[in-house]
$ cat entry-v4.tsv   # TSV, C-alpha atoms and all ligand atoms
chain	number	residue	atom	x	y	z
A	1	MET	CA	7.09	-21.91	6.90
A	2	PRO	CA	4.35	-19.85	8.63
A	3	LEU	CA	4.57	-16.17	9.49
A	4	LYS	CA	5.12	-16.15	13.25
A	5	ARG	CA	3.13	-13.04	14.07
A	6	LYS	CA	-0.52	-12.34	14.82
A	7	ASP	CA	-0.95	-9.04	12.94
A	8	ILE	CA	0.39	-7.05	9.99
A	9	LEU	CA	0.64	-3.45	11.13
A	10	SER	CA	3.64	-1.89	9.39
A	11	ILE	CA	6.47	-2.65	6.99
A	12	ASP	CA	8.95	-1.53	9.61
A	13	ALA	CA	8.02	-4.45	11.88
A	14	LEU	CA	8.69	-7.05	9.15
A	15	SER	CA	12.15	-8.53	8.61
A	16	CYS	CA	13.52	-9.07	5.08
A	17	GLU	CA	13.08	-12.84	5.67
A	18	GLU	CA	9.39	-12.33	6.46
A	19	ILE	CA	8.93	-10.05	3.45
A	20	ASP	CA	10.69	-12.61	1.21
A	21	LEU	CA	8.34	-15.31	2.52
A	22	ILE	CA	5.27	-13.13	1.85
A	23	LEU	CA	6.42	-12.25	-1.67
A	24	GLN	CA	7.31	-15.86	-2.55
A	25	THR	CA	3.91	-17.03	-1.28
A	26	ALA	CA	2.22	-14.23	-3.24
A	27	GLU	CA	4.04	-15.33	-6.42
A	28	SER	CA	2.69	-18.85	-5.94
A	29	PHE	CA	-0.87	-17.55	-5.41
A	30	LYS	CA	-0.85	-15.41	-8.59
A	31	GLU	CA	-1.63	-18.46	-10.68
A	32	VAL	CA	-4.89	-19.14	-8.79
A	33	SER	CA	-6.41	-15.95	-10.20
A	34	THR	CA	-5.70	-17.09	-13.79
A	35	ARG	CA	-7.67	-20.34	-13.43
A	36	ASP	CA	-11.21	-20.87	-14.71
A	37	ILE	CA	-12.24	-21.66	-11.16
A	38	LYS	CA	-10.36	-19.06	-9.13
A	39	LYS	CA	-10.55	-20.73	-5.76
A	40	VAL	CA	-8.49	-22.87	-3.37
A	41	PRO	CA	-9.73	-24.27	-0.04
A	42	ALA	CA	-6.90	-22.90	2.13
A	43	LEU	CA	-9.07	-20.69	4.39
A	44	ARG	CA	-12.30	-22.72	4.34
A	45	GLY	CA	-14.23	-22.06	7.56
A	46	LYS	CA	-12.35	-18.83	8.38
A	47	THR	CA	-14.12	-15.47	8.67
A	48	ILE	CA	-12.68	-12.17	7.45
A	49	ILE	CA	-14.23	-8.80	8.27
A	50	ASN	CA	-13.18	-5.81	6.14
A	51	LEU	CA	-13.77	-2.73	8.27
A	52	PHE	CA	-13.27	0.35	6.12
A	53	PHE	CA	-13.70	3.80	7.66
A	54	GLU	CA	-12.25	5.53	4.58
A	55	PRO	CA	-13.07	5.08	0.88
A	56	SER	CA	-11.16	2.47	-1.12
A	57	THR	CA	-11.39	0.73	-4.47
A	58	ARG	CA	-8.22	-1.35	-4.84
A	59	THR	CA	-7.46	-2.30	-1.23
A	60	ARG	CA	-10.98	-3.20	-0.15
A	61	THR	CA	-11.80	-5.13	-3.32
A	62	SER	CA	-8.53	-7.05	-3.30
A	63	PHE	CA	-8.78	-7.99	0.39
A	64	GLU	CA	-12.33	-9.20	-0.32
A	65	LEU	CA	-11.29	-11.16	-3.42
A	66	ALA	CA	-8.22	-12.54	-1.63
A	67	GLY	CA	-10.41	-13.96	1.13
A	68	LYS	CA	-12.95	-15.36	-1.33
A	69	ARG	CA	-10.28	-16.97	-3.54
A	70	LEU	CA	-9.01	-18.74	-0.41
A	71	SER	CA	-12.62	-19.89	0.37
A	72	ALA	CA	-13.03	-17.78	3.52
A	73	ASP	CA	-16.32	-16.10	4.45
A	74	VAL	CA	-15.85	-12.36	3.87
A	75	ILE	CA	-18.01	-9.53	5.20
A	76	ASN	CA	-17.47	-5.87	4.24
A	77	ILE	CA	-18.42	-3.08	6.61
A	78	SER	CA	-18.09	0.57	5.62
A	79	ALA	CA	-18.31	3.37	8.15
A	80	ALA	CA	-21.28	5.02	6.43
A	81	SER	CA	-23.45	1.92	6.79
A	82	SER	CA	-22.26	0.92	10.27
A	83	SER	CA	-23.23	2.04	13.77
A	84	ALA	CA	-20.18	4.34	13.70
A	85	VAL	CA	-22.63	6.95	12.40
A	86	LYS	CA	-24.51	6.48	15.72
A	87	ASN	CA	-21.28	7.30	17.59
A	88	GLU	CA	-20.24	3.75	18.43
A	89	THR	CA	-16.52	3.74	19.19
A	90	ILE	CA	-14.10	1.85	16.97
A	91	LEU	CA	-13.22	-0.41	19.91
A	92	ASP	CA	-16.87	-1.27	20.55
A	93	THR	CA	-17.42	-1.91	16.84
A	94	ALA	CA	-14.40	-4.21	16.65
A	95	ARG	CA	-15.25	-6.08	19.88
A	96	ASN	CA	-18.83	-6.65	18.71
A	97	ILE	CA	-17.58	-8.00	15.39
A	98	GLU	CA	-15.15	-10.28	17.17
A	99	ALA	CA	-18.00	-11.58	19.34
A	100	MET	CA	-19.25	-13.18	16.10
A	101	HIS	CA	-15.99	-15.18	15.96
A	102	SER	CA	-14.04	-13.40	13.26
A	103	ASP	CA	-10.56	-14.71	12.45
A	104	PHE	CA	-9.24	-11.63	10.62
A	105	ILE	CA	-10.14	-7.96	10.88
A	106	VAL	CA	-8.81	-5.81	8.03
A	107	VAL	CA	-9.06	-2.15	9.00
A	108	ARG	CA	-8.66	1.16	7.20
A	109	HIS	CA	-9.05	4.34	9.24
A	110	SER	CA	-8.21	8.03	8.92
A	111	ALA	CA	-6.57	8.02	12.36
A	112	SER	CA	-2.99	6.78	12.61
A	113	GLY	CA	-2.65	4.00	15.18
A	114	VAL	CA	-6.15	2.48	14.97
A	115	PRO	CA	-4.89	-0.93	13.68
A	116	GLN	CA	-2.30	-1.07	16.50
A	117	LEU	CA	-5.01	-0.21	19.04
A	118	LEU	CA	-7.26	-3.01	17.77
A	119	ALA	CA	-4.40	-5.52	17.53
A	120	GLY	CA	-3.68	-4.94	21.21
A	121	VAL	CA	-7.16	-5.92	22.37
A	122	LEU	CA	-8.46	-8.40	19.78
A	123	ARG	CA	-7.87	-12.12	19.45
A	124	SER	CA	-8.44	-11.86	15.66
A	125	ALA	CA	-5.49	-11.17	13.38
A	126	VAL	CA	-5.52	-7.47	12.47
A	127	ILE	CA	-4.26	-6.30	9.07
A	128	ASN	CA	-3.65	-2.60	8.55
A	129	ALA	CA	-5.25	-1.54	5.26
A	130	GLY	CA	-4.05	2.05	5.72
A	131	ASP	CA	-4.11	4.24	8.85
A	132	GLY	CA	-4.02	8.02	8.38
A	133	ALA	CA	-0.67	9.19	7.05
A	134	HIS	CA	1.10	6.42	8.98
A	135	GLN	CA	1.33	3.04	7.20
A	136	HIS	CA	-0.11	1.00	4.31
A	137	PRO	CA	1.90	-2.22	4.67
A	138	SER	CA	0.11	-4.33	2.04
A	139	GLN	CA	0.71	-1.51	-0.49
A	140	GLY	CA	4.39	-1.46	0.50
A	141	LEU	CA	4.57	-5.23	-0.02
A	142	LEU	CA	2.86	-5.17	-3.41
A	143	ASP	CA	5.18	-2.38	-4.52
A	144	LEU	CA	8.24	-4.42	-3.45
A	145	MET	CA	6.80	-7.45	-5.24
A	146	THR	CA	6.27	-5.47	-8.46
A	147	ILE	CA	9.79	-4.03	-8.39
A	148	LYS	CA	11.39	-7.43	-7.63
A	149	GLU	CA	9.35	-9.09	-10.36
A	150	LYS	CA	10.32	-6.53	-13.01
A	151	LYS	CA	13.90	-5.72	-11.96
A	152	GLY	CA	15.03	-8.91	-10.17
A	153	GLU	CA	17.02	-7.12	-7.46
A	154	ILE	CA	16.07	-4.06	-5.39
A	155	LYS	CA	19.53	-3.38	-3.95
A	156	GLY	CA	21.21	-0.44	-5.69
A	157	LEU	CA	18.13	0.68	-7.66
A	158	LYS	CA	17.61	4.42	-7.85
A	159	VAL	CA	14.03	5.01	-6.69
A	160	VAL	CA	12.44	8.46	-6.85
A	161	ILE	CA	9.23	9.04	-4.87
A	162	VAL	CA	7.43	12.17	-6.05
A	163	GLY	CA	4.73	14.30	-4.52
A	164	ASP	CA	2.83	14.58	-1.27
A	165	ILE	CA	5.24	12.71	0.99
A	166	LEU	CA	3.94	14.47	4.12
A	167	HIS	CA	0.46	12.93	4.01
A	168	SER	CA	1.33	9.64	2.32
A	169	ARG	CA	1.19	6.35	4.23
A	170	VAL	CA	2.29	4.70	0.98
A	171	ALA	CA	5.50	6.77	0.99
A	172	ARG	CA	6.27	5.71	4.57
A	173	SER	CA	5.69	2.01	3.88
A	174	ASP	CA	7.55	2.10	0.55
A	175	ILE	CA	10.54	3.95	2.00
A	176	GLN	CA	10.86	1.48	4.90
A	177	GLY	CA	10.71	-1.50	2.55
A	178	LEU	CA	13.02	-0.06	-0.11
A	179	VAL	CA	15.65	1.05	2.41
A	180	LYS	CA	15.58	-2.42	4.06
A	181	TYR	CA	16.45	-3.93	0.66
A	182	GLY	CA	19.23	-1.44	-0.10
A	183	ALA	CA	17.61	0.82	-2.71
A	184	GLU	CA	18.81	4.41	-3.08
A	185	VAL	CA	15.66	6.40	-2.35
A	186	CYS	CA	15.17	10.08	-3.18
A	187	VAL	CA	11.97	11.95	-2.28
A	188	VAL	CA	10.99	14.99	-4.30
A	189	GLY	CA	8.15	17.47	-3.91
A	190	PRO	CA	7.29	20.96	-2.74
A	191	PRO	CA	9.14	21.81	0.52
A	192	THR	CA	5.80	22.10	2.32
A	193	LEU	CA	4.98	18.46	1.47
A	194	ILE	CA	8.30	16.95	2.60
A	195	PRO	CA	8.33	15.99	6.33
A	196	SER	CA	11.17	17.66	8.22
A	197	GLY	CA	13.90	15.23	9.28
A	198	ILE	CA	12.97	12.70	6.60
A	199	GLU	CA	16.70	12.21	5.85
A	200	ARG	CA	16.80	10.18	9.08
A	201	TRP	CA	14.75	7.49	7.28
A	202	GLY	CA	17.75	6.93	5.00
A	203	VAL	CA	16.51	8.90	1.99
A	204	LYS	CA	17.81	11.88	0.02
A	205	VAL	CA	15.61	14.94	-0.49
A	206	SER	CA	15.32	17.01	-3.65
A	207	LEU	CA	13.07	19.96	-4.40
A	208	HIS	CA	13.87	19.78	-8.11
A	209	MET	CA	12.04	17.12	-10.05
A	210	ASP	CA	14.21	17.27	-13.19
A	211	GLU	CA	17.42	16.89	-11.17
A	212	ALA	CA	16.02	13.99	-9.12
A	213	LEU	CA	14.81	12.02	-12.14
A	214	VAL	CA	18.18	11.73	-13.90
A	215	GLY	CA	18.97	8.01	-14.24
A	216	ALA	CA	16.01	6.87	-12.10
A	217	ASP	CA	15.18	3.14	-12.30
A	218	ILE	CA	11.82	3.49	-10.57
A	219	ILE	CA	9.54	6.51	-10.22
A	220	ILE	CA	6.76	6.19	-7.65
A	221	VAL	CA	4.28	9.00	-8.19
A	222	LEU	CA	1.97	9.84	-5.29
A	223	ARG	CA	-1.50	11.32	-5.29
A	224	LEU	CA	-1.98	14.71	-3.70
A	225	GLN	CA	-3.89	13.78	-0.53
A	226	LEU	CA	-6.15	16.83	-0.64
A	227	GLU	CA	-8.47	15.24	1.95
A	228	ARG	CA	-5.64	15.28	4.51
A	229	GLN	CA	-4.42	18.80	3.73
A	230	SER	CA	-5.66	21.24	6.36
A	231	ARG	CA	-4.27	24.32	4.56
A	232	GLY	CA	-2.85	25.40	1.21
A	233	PHE	CA	0.50	23.61	0.79
A	234	PHE	CA	1.11	25.03	-2.72
A	235	PRO	CA	-0.40	27.93	-4.66
A	236	THR	CA	-2.43	26.11	-7.35
A	237	LEU	CA	-2.87	22.64	-8.83
A	238	ARG	CA	-1.65	24.09	-12.14
A	239	GLU	CA	1.61	25.20	-10.59
A	240	TYR	CA	1.99	21.84	-8.82
A	241	ALA	CA	1.49	20.00	-12.13
A	242	MET	CA	4.03	22.27	-13.84
A	243	LEU	CA	6.72	21.74	-11.18
A	244	TYR	CA	6.08	18.14	-10.08
A	245	GLY	CA	3.82	16.49	-12.66
A	246	LEU	CA	5.39	13.54	-14.52
A	247	ASN	CA	5.20	13.96	-18.30
A	248	GLN	CA	7.10	12.49	-21.25
A	249	ASN	CA	9.83	15.18	-21.26
A	250	ARG	CA	10.59	14.45	-17.63
A	251	LEU	CA	10.41	10.69	-18.11
A	252	ASN	CA	13.12	11.01	-20.78
A	253	LEU	CA	15.56	12.06	-18.02
A	254	ALA	CA	15.21	8.67	-16.30
A	255	ASP	CA	16.87	5.36	-17.21
A	256	PRO	CA	15.43	4.03	-20.52
A	257	GLU	CA	14.13	0.94	-18.63
A	258	VAL	CA	12.45	3.04	-15.92
A	259	LEU	CA	9.26	1.77	-14.31
A	260	VAL	CA	6.49	4.20	-13.37
A	261	MET	CA	4.39	3.25	-10.36
A	262	HIS	CA	1.39	4.86	-8.66
A	263	PRO	CA	-0.70	3.43	-5.79
A	264	GLY	CA	-3.91	4.89	-7.24
A	265	PRO	CA	-6.27	6.59	-7.50
A	266	ILE	CA	-4.53	8.78	-10.11
A	267	ASN	CA	-5.27	12.48	-10.54
A	268	ARG	CA	-4.66	12.43	-14.29
A	269	GLY	CA	-3.10	15.63	-15.60
A	270	ILE	CA	-1.95	16.70	-12.12
A	271	GLU	CA	0.72	14.33	-10.79
A	272	LEU	CA	0.80	12.13	-13.89
A	273	SER	CA	-0.07	12.66	-17.56
A	274	SER	CA	-2.32	10.07	-19.18
A	275	GLU	CA	0.33	9.22	-21.77
A	276	ILE	CA	2.62	8.09	-18.95
A	277	ALA	CA	-0.06	6.44	-16.82
A	278	ASP	CA	-1.11	4.32	-19.81
A	279	GLY	CA	2.31	4.13	-21.46
A	280	LEU	CA	4.91	1.38	-21.83
A	281	SER	CA	6.85	2.32	-18.67
A	282	SER	CA	3.76	2.12	-16.47
A	283	VAL	CA	3.34	-0.92	-14.19
A	284	ILE	CA	0.38	0.56	-12.35
A	285	LEU	CA	-2.03	-2.26	-13.21
A	286	ASP	CA	0.66	-4.87	-12.42
A	287	GLN	CA	0.75	-3.34	-8.94
A	288	VAL	CA	-3.00	-3.95	-8.63
A	289	THR	CA	-2.68	-7.57	-9.81
A	290	ASN	CA	0.14	-8.16	-7.33
A	291	GLY	CA	-1.92	-6.53	-4.57
A	292	LEU	CA	-4.44	-9.35	-4.77
A	293	ALA	CA	-1.70	-11.99	-4.58
A	294	VAL	CA	0.01	-10.26	-1.64
A	295	ARG	CA	-3.25	-10.09	0.30
A	296	MET	CA	-3.91	-13.80	-0.37
A	297	ALA	CA	-0.42	-14.52	0.95
A	298	LEU	CA	-1.00	-12.46	4.10
A	299	PHE	CA	-4.24	-14.28	4.97
A	300	PHE	CA	-2.69	-17.66	4.22
A	301	LEU	CA	0.53	-17.13	6.18
A	302	LEU	CA	-1.16	-15.56	9.21
A	303	SER	CA	-3.68	-18.40	9.27
A	304	GLU	CA	-0.90	-21.01	9.08
A	305	GLY	CA	0.99	-19.19	11.86
A	306	SER	CA	-2.04	-19.15	14.18
A	307	GLN	CA	-2.20	-22.95	14.06
A	308	HIS	CA	1.32	-23.42	15.54
B	401	LIG	N1	-3.73	2.12	-3.20
B	401	LIG	C1	-4.85	2.25	-2.50
B	401	LIG	O1	-4.84	2.20	-1.26
B	401	LIG	O2	-5.99	2.45	-3.26
B	401	LIG	P1	-7.46	2.49	-2.66
B	401	LIG	O3	-7.57	3.74	-1.82
B	401	LIG	O4	-8.39	2.48	-3.83
B	401	LIG	O5	-7.63	1.28	-1.80

$ encode --input "entry-v4.tsv" --output "structure tokens" --more "lines below"
Ligand code: CP
Amino acid sequence: MPLKRKDILSIDALSCEEIDLILQTAESFKEVSTRDIKKVPALRGKTIINLFFEPSTRTRTSFELAGKRLSADVINISAASSSAVKNETILDTARNIEAMHSDFIVVRHSASGVPQLLAGVLRSAVINAGDGAHQHPSQGLLDLMTIKEKKGEIKGLKVVIVGDILHSRVARSDIQGLVKYGAEVCVVGPPTLIPSGIERWGVKVSLHMDEALVGADIIIVLRLQLERQSRGFFPTLREYAMLYGLNQNRLNLADPEVLVMHPGPINRGIELSSEIADGLSSVILDQVTNGLAVRMALFFLLSEGSQH
């Protein structure tokens, strides 16, 4: 069954049936990356352009590898080495790229809404690789995949999302996905980093980390997005780490089978201690492995859909 949509812009727009299809397809693609020859011909002749206007390690590399493992031609463009530095607009950049007959444009941008803008004017499939503090749908999907893989069922799980919710596109995508599947989501962080009215998204809010962690099945720790913070949202990093950093004492409050997740990059010693990041409860590197499979699935399913 193909995915009957041109673009992937947000988790909110995807139904549970579509997400199930993406995750099942991703599961089947995981095996490709364990082969000696890590390649299948599914996207032979297709062209993918990765257009990254913000730094990235995991997302950019895995979109590139996903395309290459499916035998597509993949080109990476970063803002610093593009004509964006000569004031070319994002629309002109994208239209010029499409004039070279791209099939997919993967875009990351600091401004919320850029992927939607491009999707509205381009023939190419547009995949949102993170736009401002708005959405990071492929991260949301890989997080759902990791939780389903490890826990079987998402419904009824107690998920605690800790940290800079206000600036986090990962939090928005994760919350939308988790609530769709019936998880009990609680966000915790300093009051200045919790968006007002967030309860309307179907989550609980706590300002007390220790209280929120009791019995948690999943803890998703977020990075402080210092690059998006226009003013001081908390007194010092030391105080933040003391009140909201995840350490072993705090982890002991959660369910004994708790999983610790983090989208990366980690600020070790601030939001997460190294003993937890590298400990037995951590599935952070499983998230990265699943990210590659999810991105292969997205290219494959969108490509199949465009042929119907
Ligand atoms: N999770 C994530 O988006 O990481 P990168 O910024 O390294 O892509």

$ atom_distance --input "entry-v4.tsv" --atom1 "CA of Asp217 in chain A" --atom2 "CA of Trp201 in chain A"
20.1 Å

$ residues_around --input "entry-v4.tsv" --residues "Ile270 in chain A" --least-positions-apart "5" --cutoff "10 Å" --atoms "all atoms listed in the file" --output "list in words"
Arg223, Leu224, Leu237, Arg238, Glu239, Tyr240, Ala241, Met242, Tyr244, Gly245, Leu246 and Asn247 of chain A

$ write_last_selection --input "entry-v4.tsv" --atoms "C-alpha atoms" --output "JSON list (two decimals), in the frame of the given file"
[["chain", "number", "residue", "atom", "x", "y", "z"],
["A", 223, "ARG", "CA", -1.50, 11.32, -5.29],
["A", 224, "LEU", "CA", -1.98, 14.71, -3.70],
["A", 237, "LEU", "CA", -2.87, 22.64, -8.83],
["A", 238, "ARG", "CA", -1.65, 24.09, -12.14],
["A", 239, "GLU", "CA", 1.61, 25.20, -10.59],
["A", 240, "TYR", "CA", 1.99, 21.84, -8.82],
["A", 241, "ALA", "CA", 1.49, 20.00, -12.13],
["A", 242, "MET", "CA", 4.03, 22.27, -13.84],
["A", 244, "TYR", "CA", 6.08, 18.14, -10.08],
["A", 245, "GLY", "CA", 3.82, 16.49, -12.66],
["A", 246, "LEU", "CA", 5.39, 13.54, -14.52],
["A", 247, "ASN", "CA", 5.20, 13.96, -18.30]]

$ residues_around --input "entry-v4.tsv" --residues "Phe52 in chain A" --least-positions-apart "5" --cutoff "6 Å" --atoms "only C-alpha atoms" --output "ChimeraX atom specification"
/A:78,107-108

$ closest_residue --input "entry-v4.tsv" --among "A:Lys4, A:Arg200, A:Arg172, A:Lys46" --to "Gly132 in chain A" --atoms "all atoms listed in the file"
A:Arg172

$ atom_distance --input "entry-v4.tsv" --atom1 "CA of Glu31 in chain A" --atom2 "CA of Arg69 in chain A"
11.3 Å

$ residues_near_ligand --input "entry-v4.tsv" --ligand "ligand LIG 401 (chain B)" --cutoff "9 Å" --atoms "only C-alpha atoms and all ligand atoms" --output "ChimeraX atom specification"
/A:54-62,129-130,136,138-139,170,262-265,288,291

$ residues_around --input "entry-v4.tsv" --residues "Arg250 in chain A" --least-positions-apart "4" --cutoff "8 Å" --atoms "all atoms listed in the file" --output "MDAnalysis selection string"
chainID A and resid 210 213 246 254
